>>> print(open('input.cif').read())   # mmCIF, C-alpha atoms
data_upload
#
loop_
_atom_site.label_atom_id
_atom_site.label_comp_id
_atom_site.auth_asym_id
_atom_site.auth_seq_id
_atom_site.Cartn_x
_atom_site.Cartn_y
_atom_site.Cartn_z
CA MET N 28 28.16 -6.61 -31.47
CA GLN N 29 25.29 -8.45 -33.13
CA THR N 30 23.12 -7.33 -36.02
CA PHE N 31 19.82 -8.29 -37.56
CA GLN N 32 18.05 -6.90 -40.62
CA LEU N 33 14.32 -7.03 -41.25
CA ILE N 34 12.75 -5.92 -44.52
CA LEU N 35 9.04 -5.16 -44.50
CA LYS N 36 6.64 -4.19 -47.29
CA ASN N 37 4.64 -0.99 -46.95
CA GLN N 38 1.52 -2.87 -45.86
CA ILE N 39 -0.13 -2.65 -42.46
CA LYS N 40 -0.43 -6.43 -42.15
CA GLU N 41 3.39 -6.53 -41.92
CA LEU N 42 3.03 -5.23 -38.34
CA GLU N 43 2.49 -8.78 -37.15
CA LYS N 44 5.76 -9.84 -38.74
CA LEU N 45 7.46 -6.86 -37.09
CA ALA N 46 6.12 -7.77 -33.64
CA ILE N 47 7.06 -11.45 -34.01
CA ASN N 48 10.58 -10.61 -35.15
CA VAL N 49 11.13 -8.15 -32.31
CA GLU N 50 9.92 -10.75 -29.78
CA GLU N 51 12.22 -13.43 -31.21
CA LEU N 52 15.17 -11.12 -31.34
CA SER N 53 14.61 -10.02 -27.76
CA VAL N 54 14.75 -13.60 -26.52
CA LYS N 55 17.97 -14.15 -28.46
CA TRP N 56 19.52 -10.89 -27.24
CA ASN N 57 18.19 -11.03 -23.65
CA ILE N 58 16.20 -7.82 -23.86
CA PRO N 59 13.80 -7.44 -20.88
CA THR N 60 10.06 -7.84 -21.55
CA GLU N 61 9.10 -4.28 -20.57
CA ILE N 62 11.70 -2.93 -23.00
CA VAL N 63 10.38 -5.20 -25.77
CA MET N 64 6.97 -3.63 -25.43
CA GLU N 65 8.43 -0.13 -25.66
CA ILE N 66 10.44 -1.06 -28.74
CA ASN N 67 7.42 -2.65 -30.37
CA LEU N 68 5.32 0.38 -29.62
CA VAL N 69 7.83 2.82 -31.09
CA LEU N 70 8.43 0.72 -34.19
CA GLU N 71 4.70 0.31 -34.74
CA GLU N 72 4.26 4.09 -34.64
CA LEU N 73 7.12 4.74 -37.04
CA PHE N 74 6.19 1.91 -39.38
CA THR N 75 2.49 2.84 -39.60
CA ASN N 76 3.44 6.49 -40.22
CA VAL N 77 5.50 5.41 -43.20
CA VAL N 78 2.81 3.05 -44.54
CA PHE N 79 0.02 5.64 -44.21
CA TYR N 80 1.79 8.86 -45.16
CA ALA N 81 5.12 8.33 -46.91
CA TYR N 82 3.96 7.22 -50.35
CA ASP N 83 1.68 8.84 -52.90
CA ASP N 84 2.00 5.97 -55.35
CA LYS N 85 0.39 2.56 -55.06
CA MET N 86 3.67 0.73 -55.54
CA GLU N 87 5.27 -1.77 -53.26
CA HIS N 88 8.15 -0.35 -51.20
CA ASN N 89 10.62 -1.83 -48.78
CA ILE N 90 10.98 -0.49 -45.26
CA ILE N 91 14.28 -1.64 -43.83
CA LEU N 92 14.97 -2.10 -40.14
CA ASP N 93 18.51 -2.66 -38.91
CA PHE N 94 18.91 -3.80 -35.32
CA VAL N 95 22.34 -3.54 -33.72
CA LEU N 96 23.05 -4.86 -30.25
CA ILE N 97 26.04 -2.69 -29.43
CA ASP N 98 26.66 -4.36 -26.07
CA GLU N 99 24.44 -6.13 -23.57
CA HIS N 100 22.65 -2.91 -22.54
CA HIS N 101 22.57 -0.80 -25.68
CA LEU N 102 20.41 -1.34 -28.70
CA LYS N 103 20.45 0.74 -31.86
CA ILE N 104 17.68 0.55 -34.46
CA CYS N 105 17.73 2.23 -37.87
CA LEU N 106 14.54 2.48 -39.85
CA GLU N 107 14.87 3.43 -43.49
CA ASP N 108 12.18 4.22 -46.07
CA ASP N 109 12.20 5.73 -49.54
CA GLY N 110 9.10 7.86 -49.03
CA LYS N 111 8.52 11.62 -48.87
CA PRO N 112 10.82 13.55 -46.55
CA PHE N 113 9.46 13.49 -43.02
CA ASN N 114 11.43 14.66 -40.02
CA LEU N 115 9.60 13.56 -36.90
CA LEU N 116 11.88 15.71 -34.77
CA GLU N 117 10.25 18.83 -36.21
CA LYS N 118 6.87 17.86 -34.75
CA ASN N 119 6.19 19.28 -31.31
CA MET N 120 3.53 17.28 -29.52
CA ASN N 121 4.15 18.28 -25.93
CA SER N 122 1.73 21.17 -26.04
CA THR N 123 -1.28 18.90 -26.61
CA LEU N 124 -0.62 16.61 -23.67
CA ASP N 125 -1.80 18.79 -20.84
CA LYS N 126 -5.03 19.78 -22.53
CA SER N 127 -8.40 18.78 -21.12
CA ILE N 128 -10.42 16.01 -22.67
CA GLU N 129 -12.51 18.36 -24.82
CA ASP N 130 -9.40 19.93 -26.32
CA ARG N 131 -7.44 16.75 -26.79
CA GLN N 132 -6.85 16.01 -30.42
CA ILE N 133 -7.22 12.43 -31.47
CA GLY N 134 -3.88 11.64 -33.00
CA GLY N 135 -0.31 12.85 -32.75
CA LEU N 136 0.53 10.62 -29.83
CA GLY N 137 2.73 8.27 -31.80
CA ILE N 138 5.60 10.70 -32.25
CA HIS N 139 5.40 11.59 -28.57
CA PHE N 140 5.88 7.90 -27.70
CA VAL N 141 8.91 7.64 -29.93
CA ARG N 142 10.59 10.54 -28.15
CA GLU N 143 9.58 9.48 -24.65
CA LEU N 144 10.38 5.80 -24.86
CA MET N 145 13.75 5.92 -26.61
CA ASN N 146 16.97 7.29 -25.12
CA SER N 147 17.74 9.15 -28.31
CA VAL N 148 16.12 9.74 -31.67
CA ASP N 149 17.89 11.07 -34.72
CA TYR N 150 16.76 11.76 -38.24
CA LYS N 151 18.72 11.92 -41.47
CA ARG N 152 17.57 12.57 -45.01
CA THR N 153 19.73 11.19 -47.78
CA VAL N 154 18.98 11.85 -51.46
CA ASP N 155 15.86 9.71 -51.50
CA LYS N 156 15.60 8.13 -48.07
CA ASN N 157 14.39 8.90 -44.57
CA ILE N 158 16.51 7.33 -41.87
CA VAL N 159 15.41 7.32 -38.24
CA ILE N 160 18.05 6.21 -35.74
CA LEU N 161 16.89 5.09 -32.34
CA MET N 162 18.97 4.27 -29.28
CA LYS N 163 17.58 2.31 -26.36
CA ASN N 164 19.49 1.56 -23.17
CA PHE N 165 18.27 -1.18 -20.85
CA MET B 30 -7.17 -9.50 -29.95
CA GLU B 31 -10.39 -10.82 -28.42
CA ILE B 32 -13.27 -8.80 -27.03
CA LYS B 33 -15.70 -10.16 -24.47
CA GLU B 34 -18.89 -8.31 -23.70
CA GLN B 35 -20.88 -8.75 -20.52
CA GLU B 36 -23.99 -6.81 -19.59
CA THR B 37 -24.58 -6.28 -15.88
CA ASP B 38 -27.26 -4.29 -14.03
CA GLN B 39 -24.84 -1.37 -13.64
CA CYS B 40 -23.00 -1.24 -16.96
CA VAL B 41 -21.59 -3.08 -19.96
CA ILE B 42 -18.19 -4.66 -19.31
CA ILE B 43 -15.83 -4.99 -22.24
CA GLY B 44 -12.91 -7.34 -21.64
CA ILE B 45 -9.95 -7.02 -23.98
CA THR B 46 -7.49 -9.87 -24.42
CA GLY B 47 -4.22 -9.52 -26.34
CA ARG B 48 -2.88 -6.68 -28.45
CA LEU B 49 -4.81 -3.48 -29.12
CA ASP B 50 -2.83 -2.13 -32.07
CA THR B 51 -3.13 -0.73 -35.58
CA THR B 52 -4.23 -4.08 -36.99
CA SER B 53 -6.90 -4.75 -34.35
CA TYR B 54 -8.26 -1.42 -33.10
CA SER B 55 -11.12 -1.30 -35.61
CA MET B 56 -12.68 -4.34 -33.92
CA LEU B 57 -12.89 -2.42 -30.64
CA GLU B 58 -14.02 0.72 -32.44
CA ARG B 59 -16.94 -1.18 -34.00
CA LYS B 60 -17.94 -2.71 -30.68
CA LEU B 61 -17.82 0.61 -28.79
CA MET B 62 -19.66 2.49 -31.54
CA GLU B 63 -22.34 -0.20 -31.59
CA LEU B 64 -22.84 0.25 -27.83
CA ILE B 65 -22.80 4.05 -28.03
CA ASP B 66 -25.23 4.08 -30.96
CA SER B 67 -27.61 1.90 -28.98
CA HIS B 68 -27.45 4.44 -26.12
CA HIS B 69 -25.28 2.46 -23.73
CA ASP B 70 -23.56 5.20 -21.77
CA LYS B 71 -22.09 3.20 -18.89
CA ILE B 72 -19.12 1.18 -20.06
CA LEU B 73 -16.30 -0.46 -18.13
CA VAL B 74 -13.27 -1.67 -20.05
CA ASP B 75 -11.43 -4.46 -18.23
CA CYS B 76 -7.81 -4.37 -19.40
CA SER B 77 -6.46 -7.18 -17.20
CA LYS B 78 -5.67 -9.37 -20.21
CA MET B 79 -4.61 -6.59 -22.57
CA ASP B 80 -0.85 -6.90 -22.90
CA TYR B 81 -0.13 -4.23 -25.52
CA ILE B 82 -1.60 -0.91 -26.62
CA SER B 83 -0.39 1.47 -29.31
CA SER B 84 -1.53 5.00 -30.08
CA SER B 85 -4.25 3.61 -32.40
CA GLY B 86 -5.75 1.80 -29.43
CA LEU B 87 -5.49 4.85 -27.21
CA ARG B 88 -7.23 6.95 -29.85
CA ILE B 89 -10.25 4.63 -29.81
CA LEU B 90 -10.49 4.78 -26.02
CA LEU B 91 -10.25 8.58 -26.14
CA MET B 92 -12.92 8.73 -28.84
CA ALA B 93 -15.27 6.60 -26.70
CA LEU B 94 -14.54 8.69 -23.60
CA LYS B 95 -15.38 11.89 -25.46
CA LYS B 96 -18.64 10.55 -26.87
CA ILE B 97 -19.81 9.05 -23.58
CA THR B 98 -18.88 12.19 -21.64
CA GLN B 99 -21.04 14.18 -24.07
CA MET B 100 -23.90 11.77 -23.31
CA LYS B 101 -23.32 12.43 -19.58
CA GLY B 102 -22.47 8.77 -19.14
CA LYS B 103 -19.47 7.02 -17.66
CA PHE B 104 -16.55 5.35 -19.43
CA VAL B 105 -14.21 3.70 -16.95
CA LEU B 106 -11.13 1.50 -17.24
CA CYS B 107 -9.81 -1.06 -14.81
CA CYS B 108 -6.98 -3.53 -14.17
CA LEU B 109 -4.26 -2.06 -16.38
CA GLN B 110 -1.07 -4.09 -16.48
CA GLU B 111 1.95 -2.20 -15.20
CA ASN B 112 3.55 -1.54 -18.59
CA ILE B 113 0.20 -0.48 -20.06
CA HIS B 114 -0.26 1.93 -17.15
CA GLU B 115 3.12 3.41 -18.00
CA ILE B 116 1.96 4.07 -21.57
CA PHE B 117 -1.15 5.80 -20.21
CA GLU B 118 1.06 7.97 -18.01
CA ILE B 119 3.33 8.95 -20.88
CA SER B 120 0.26 9.85 -22.93
CA GLY B 121 -1.13 12.01 -20.16
CA PHE B 122 -4.19 9.72 -20.21
CA THR B 123 -4.10 8.89 -16.49
CA SER B 124 -5.42 12.39 -15.77
CA ILE B 125 -8.33 12.22 -18.21
CA PHE B 126 -9.49 8.62 -17.74
CA GLU B 127 -11.03 7.19 -14.61
CA ILE B 128 -8.88 4.13 -13.93
CA HIS B 129 -9.44 1.61 -11.14
CA LEU B 130 -7.16 -1.09 -9.84
CA SER B 131 -9.85 -3.75 -9.59
CA ARG B 132 -13.09 -4.58 -11.36
CA GLU B 133 -14.93 -4.50 -8.02
CA ASP B 134 -13.80 -0.93 -7.31
CA ALA B 135 -14.67 0.14 -10.83
CA LEU B 136 -18.19 -1.30 -10.65
CA LYS B 137 -18.93 0.82 -7.57
CA VAL B 138 -18.82 4.04 -9.59
CA PHE B 139 -21.80 3.18 -11.80
#
>>> encode(input="input.cif", output="structure tokens")
Amino acid sequence: MQTFQLILKNQIKELEKLAINVEELSVKWNIPTEIVMEINLVLEELFTNVVFYAYDDKMEHNIILDFVLIDEHHLKICLEDDGKPFNLLEKNMNSTLDKSIEDRQIGGLGIHFVRELMNSVDYKRTVDKNIVILMKNF
Amino acid sequence: MEIKEQETDQCVIIGITGRLDTTSYSMLERKLMELIDSHHDKILVDCSKMDYISSSGLRILLMALKKITQMKGKFVLCCLQENIHEIFEISGFTSIFEIHLSREDALKVF
């Protein structure tokens, strides 16, 4: 089992750091390229959600990502923030996907990606933290 | 991300290189809005060199498709990389966008 922790500030420009770290980690842990893109996509959606919606203050916050390579085909990622409670599992996006172009709402796709691209998604709320736990098999 | 614009007799071709994500989508949004505001209603987006797209990027493409459809124009995509095509499928976007495998095929529709 191998682990890696990445701490990001709640600023959108940190996305670049996130992408670079995921790429580097994937090389080190032999994660296939197509899976790297899916992981990046999901983490971008979750991270930007937190940056845009989790905080009402203008303070700096840490968003903590813990990567755990359980074995050579199973990756676990925990994303932790100290923002407002937000359970992404309560959002149901499927109903918007088969709508025609006129009815399509711009937005809401991010959560759908998270559910589609990961093998499992869990959410926990502790006293003051949101924790999203992702599992990806490859 | 880099955007290349090329005007042909049939349409305007927008070539995207690199990552279309939350940090870069506004560049594409500005370019597309500029074209739409100047009444260009035939646009082809060449995605052959686009190696990443997030929901922010997809939103901009959907916005452009909606506006150009209202103008009775055409907004077409071509040359999606395999993993990008997968993202379009998951989004349900393959059924609402006109997507061609090659630039040559795409140009025939204008």
>>> closest_residue(input="input.cif", among="N:Glu72, N:Glu65, N:Asn89, N:Met28", to="B:Asp50", atoms="only C-alpha atoms")
N:Glu72
>>> atom_distance(input="input.cif", atom1="atom CA of N:Val63", atom2="atom CA of B:Arg132")
27.5 Å
>>> closest_residue(input="input.cif", among="B:Leu61, B:Met30, B:Ala135, B:Ile45", to="B:Cys107", atoms="all atoms listed in the file")
B:Ala135
>>> resolve_selection(input="input.cif", expression="the PyMOL selection byres ((chain B) within 9 of (chain N))", output="list in words")
Asp50, Thr51, Thr52, Asp80, Tyr81, Ile82, Ser83, Ser84, Ser85, Leu87, Arg88, Ile89, Leu91, Met92, Leu94, Lys95, Asn112, Ile116, Ile119, Ser120, Gly121, Phe122, Ser124, Ile125 and Phe126 of chain B
>>> resolve_selection(input="input.cif", expression="the PyMOL selection byres ((chain B and resi 72) around 7)", output="tab-separated table (two decimals) with C-alpha atoms, in the frame of the given file")
chain	number	residue	atom	x	y	z
B	40	CYS	CA	-23.00	-1.24	-16.96
B	41	VAL	CA	-21.59	-3.08	-19.96
B	42	ILE	CA	-18.19	-4.66	-19.31
B	70	ASP	CA	-23.56	5.20	-21.77
B	71	LYS	CA	-22.09	3.20	-18.89
B	73	LEU	CA	-16.30	-0.46	-18.13
B	74	VAL	CA	-13.27	-1.67	-20.05
B	103	LYS	CA	-19.47	7.02	-17.66
B	104	PHE	CA	-16.55	5.35	-19.43
B	105	VAL	CA	-14.21	3.70	-16.95
>>> resolve_selection(input="input.cif", expression="the PyMOL selection byres ((chain N and resi 148) around 12)", output="list in words")
Val69, Leu73, Lys103, Ile104, Cys105, Leu106, Asn114, Leu115, Leu116, Glu117, Ile138, His139, Phe140, Val141, Arg142, Glu143, Leu144, Met145, Asn146, Ser147, Asp149, Tyr150, Lys151, Ile158, Val159, Ile160, Leu161, Met162 and Lys163 of chain N
>>> write_last_selection(input="input.cif", atoms="C-alpha atoms", output="mmCIF file, in the frame of the given file")
data_model
loop_
_atom_site.group_PDB
_atom_site.id
_atom_site.type_symbol
_atom_site.label_atom_id
_atom_site.label_comp_id
_atom_site.auth_asym_id
_atom_site.auth_seq_id
_atom_site.Cartn_x
_atom_site.Cartn_y
_atom_site.Cartn_z
ATOM 1 C CA VAL N 69 7.830 2.820 -31.090
ATOM 2 C CA LEU N 73 7.120 4.740 -37.040
ATOM 3 C CA LYS N 103 20.450 0.740 -31.860
ATOM 4 C CA ILE N 104 17.680 0.550 -34.460
ATOM 5 C CA CYS N 105 17.730 2.230 -37.870
ATOM 6 C CA LEU N 106 14.540 2.480 -39.850
ATOM 7 C CA ASN N 114 11.430 14.660 -40.020
ATOM 8 C CA LEU N 115 9.600 13.560 -36.900
ATOM 9 C CA LEU N 116 11.880 15.710 -34.770
ATOM 10 C CA GLU N 117 10.250 18.830 -36.210
ATOM 11 C CA ILE N 138 5.600 10.700 -32.250
ATOM 12 C CA HIS N 139 5.400 11.590 -28.570
ATOM 13 C CA PHE N 140 5.880 7.900 -27.700
ATOM 14 C CA VAL N 141 8.910 7.640 -29.930
ATOM 15 C CA ARG N 142 10.590 10.540 -28.150
ATOM 16 C CA GLU N 143 9.580 9.480 -24.650
ATOM 17 C CA LEU N 144 10.380 5.800 -24.860
ATOM 18 C CA MET N 145 13.750 5.920 -26.610
ATOM 19 C CA ASN N 146 16.970 7.290 -25.120
ATOM 20 C CA SER N 147 17.740 9.150 -28.310
ATOM 21 C CA ASP N 149 17.890 11.070 -34.720
ATOM 22 C CA TYR N 150 16.760 11.760 -38.240
ATOM 23 C CA LYS N 151 18.720 11.920 -41.470
ATOM 24 C CA ILE N 158 16.510 7.330 -41.870
ATOM 25 C CA VAL N 159 15.410 7.320 -38.240
ATOM 26 C CA ILE N 160 18.050 6.210 -35.740
ATOM 27 C CA LEU N 161 16.890 5.090 -32.340
ATOM 28 C CA MET N 162 18.970 4.270 -29.280
ATOM 29 C CA LYS N 163 17.580 2.310 -26.360
#
>>> closest_residue(input="input.cif", among="B:Ile113, B:Gly86, B:Thr46, B:Cys76", to="B:Glu58", atoms="only C-alpha atoms")
B:Gly86
>>> atom_distance(input="input.cif", atom1="atom CA of N:Trp56", atom2="atom CA of N:Asp108")
25.2 Å
>>> decode(input="input.cif", residues="stretch 33-134 of chain B", atoms="C-alpha atoms", output="compact mmCIF listing (two decimals), in the first residue's frame")
# COMPACT_ATOMS: atom_id res chain seq x y z
CA LYS B 33 -6.44 28.73 -33.44
CA GLU B 34 -8.99 30.41 -35.66
CA GLN B 35 -9.22 29.88 -39.40
CA GLU B 36 -11.84 31.38 -41.67
CA THR B 37 -12.75 29.34 -44.74
CA ASP B 38 -15.40 29.91 -47.43
CA GLN B 39 -17.75 27.50 -45.64
CA CYS B 40 -17.24 28.27 -41.96
CA VAL B 41 -14.94 29.39 -39.16
CA ILE B 42 -12.71 26.60 -37.83
CA ILE B 43 -11.67 26.78 -34.21
CA GLY B 44 -8.80 24.47 -33.28
CA ILE B 45 -8.32 23.74 -29.60
CA THR B 46 -4.97 22.52 -28.29
CA GLY B 47 -4.47 21.27 -24.72
CA ARG B 48 -6.81 21.31 -21.74
CA LEU B 49 -10.28 22.82 -21.82
CA ASP B 50 -10.96 23.09 -18.09
CA THR B 51 -12.14 25.45 -15.35
CA THR B 52 -9.01 27.58 -15.63
CA SER B 53 -9.13 27.94 -19.42
CA TYR B 54 -12.75 27.75 -20.57
CA SER B 55 -13.29 31.52 -20.44
CA MET B 56 -10.79 31.95 -23.29
CA LEU B 57 -12.94 29.74 -25.52
CA GLU B 58 -16.11 31.39 -24.26
CA ARG B 59 -14.78 34.83 -25.28
CA LYS B 60 -13.74 33.59 -28.71
CA LEU B 61 -17.08 31.88 -29.42
CA MET B 62 -19.11 34.84 -28.13
CA GLU B 63 -17.06 37.19 -30.30
CA LEU B 64 -17.87 35.06 -33.36
CA ILE B 65 -21.56 34.71 -32.45
CA ASP B 66 -21.89 38.44 -31.75
CA SER B 67 -20.42 39.19 -35.15
CA HIS B 68 -23.07 36.91 -36.72
CA HIS B 69 -20.85 33.96 -37.56
CA ASP B 70 -23.29 31.07 -37.43
CA LYS B 71 -21.23 28.33 -39.07
CA ILE B 72 -18.55 27.10 -36.72
CA LEU B 73 -16.48 23.92 -36.73
CA VAL B 74 -14.51 23.04 -33.61
CA ASP B 75 -11.53 20.80 -34.38
CA CYS B 76 -10.76 18.84 -31.21
CA SER B 77 -7.89 16.72 -32.57
CA LYS B 78 -5.37 18.35 -30.23
CA MET B 79 -7.68 18.76 -27.24
CA ASP B 80 -6.55 16.20 -24.70
CA TYR B 81 -8.81 17.05 -21.75
CA ILE B 82 -12.28 18.49 -21.20
CA SER B 83 -14.15 19.05 -17.95
CA SER B 84 -17.78 19.99 -17.40
CA SER B 85 -16.83 23.71 -17.62
CA GLY B 86 -15.61 23.11 -21.15
CA LEU B 87 -18.68 21.11 -22.07
CA ARG B 88 -20.91 23.89 -20.77
CA ILE B 89 -19.31 26.40 -23.14
CA LEU B 90 -19.77 24.10 -26.12
CA LEU B 91 -23.42 23.55 -25.14
CA MET B 92 -23.94 27.29 -24.75
CA ALA B 93 -22.52 27.91 -28.24
CA LEU B 94 -24.62 25.09 -29.73
CA LYS B 95 -27.79 26.56 -28.22
CA LYS B 96 -27.08 30.08 -29.46
CA ILE B 97 -26.11 28.99 -32.97
CA THR B 98 -29.10 26.66 -33.24
CA GLN B 99 -31.33 29.63 -32.37
CA MET B 100 -29.65 31.57 -35.20
CA LYS B 101 -30.44 28.62 -37.54
CA GLY B 102 -26.72 28.12 -38.04
CA LYS B 103 -24.48 25.11 -37.62
CA PHE B 104 -22.10 24.27 -34.78
CA VAL B 105 -20.17 21.10 -35.50
CA LEU B 106 -17.35 19.24 -33.78
CA CYS B 107 -14.75 16.96 -35.29
CA CYS B 108 -11.78 14.72 -34.48
CA LEU B 109 -12.47 13.94 -30.82
CA GLN B 110 -9.80 11.85 -29.15
CA GLU B 111 -11.08 8.53 -27.85
CA ASN B 112 -11.14 9.47 -24.16
CA ILE B 113 -12.79 12.81 -24.94
CA HIS B 114 -15.44 10.98 -26.96
CA GLU B 115 -16.10 8.82 -23.91
CA ILE B 116 -16.73 11.94 -21.82
CA PHE B 117 -19.18 13.19 -24.46
CA GLU B 118 -20.98 9.85 -24.32
CA ILE B 119 -21.24 9.89 -20.54
CA SER B 120 -22.63 13.43 -20.74
CA GLY B 121 -25.23 12.41 -23.28
CA PHE B 122 -23.66 15.00 -25.60
CA THR B 123 -23.09 12.61 -28.51
CA SER B 124 -26.83 12.73 -29.21
CA ILE B 125 -27.12 16.52 -29.23
CA PHE B 126 -23.90 17.50 -31.00
CA GLU B 127 -23.06 16.79 -34.61
CA ILE B 128 -19.66 15.09 -34.37
CA HIS B 129 -17.54 13.98 -37.32
CA LEU B 130 -14.51 11.74 -37.39
CA SER B 131 -12.51 13.90 -39.78
CA ARG B 132 -12.26 17.58 -40.63
CA GLU B 133 -12.98 16.78 -44.29
CA ASP B 134 -16.27 15.05 -43.42
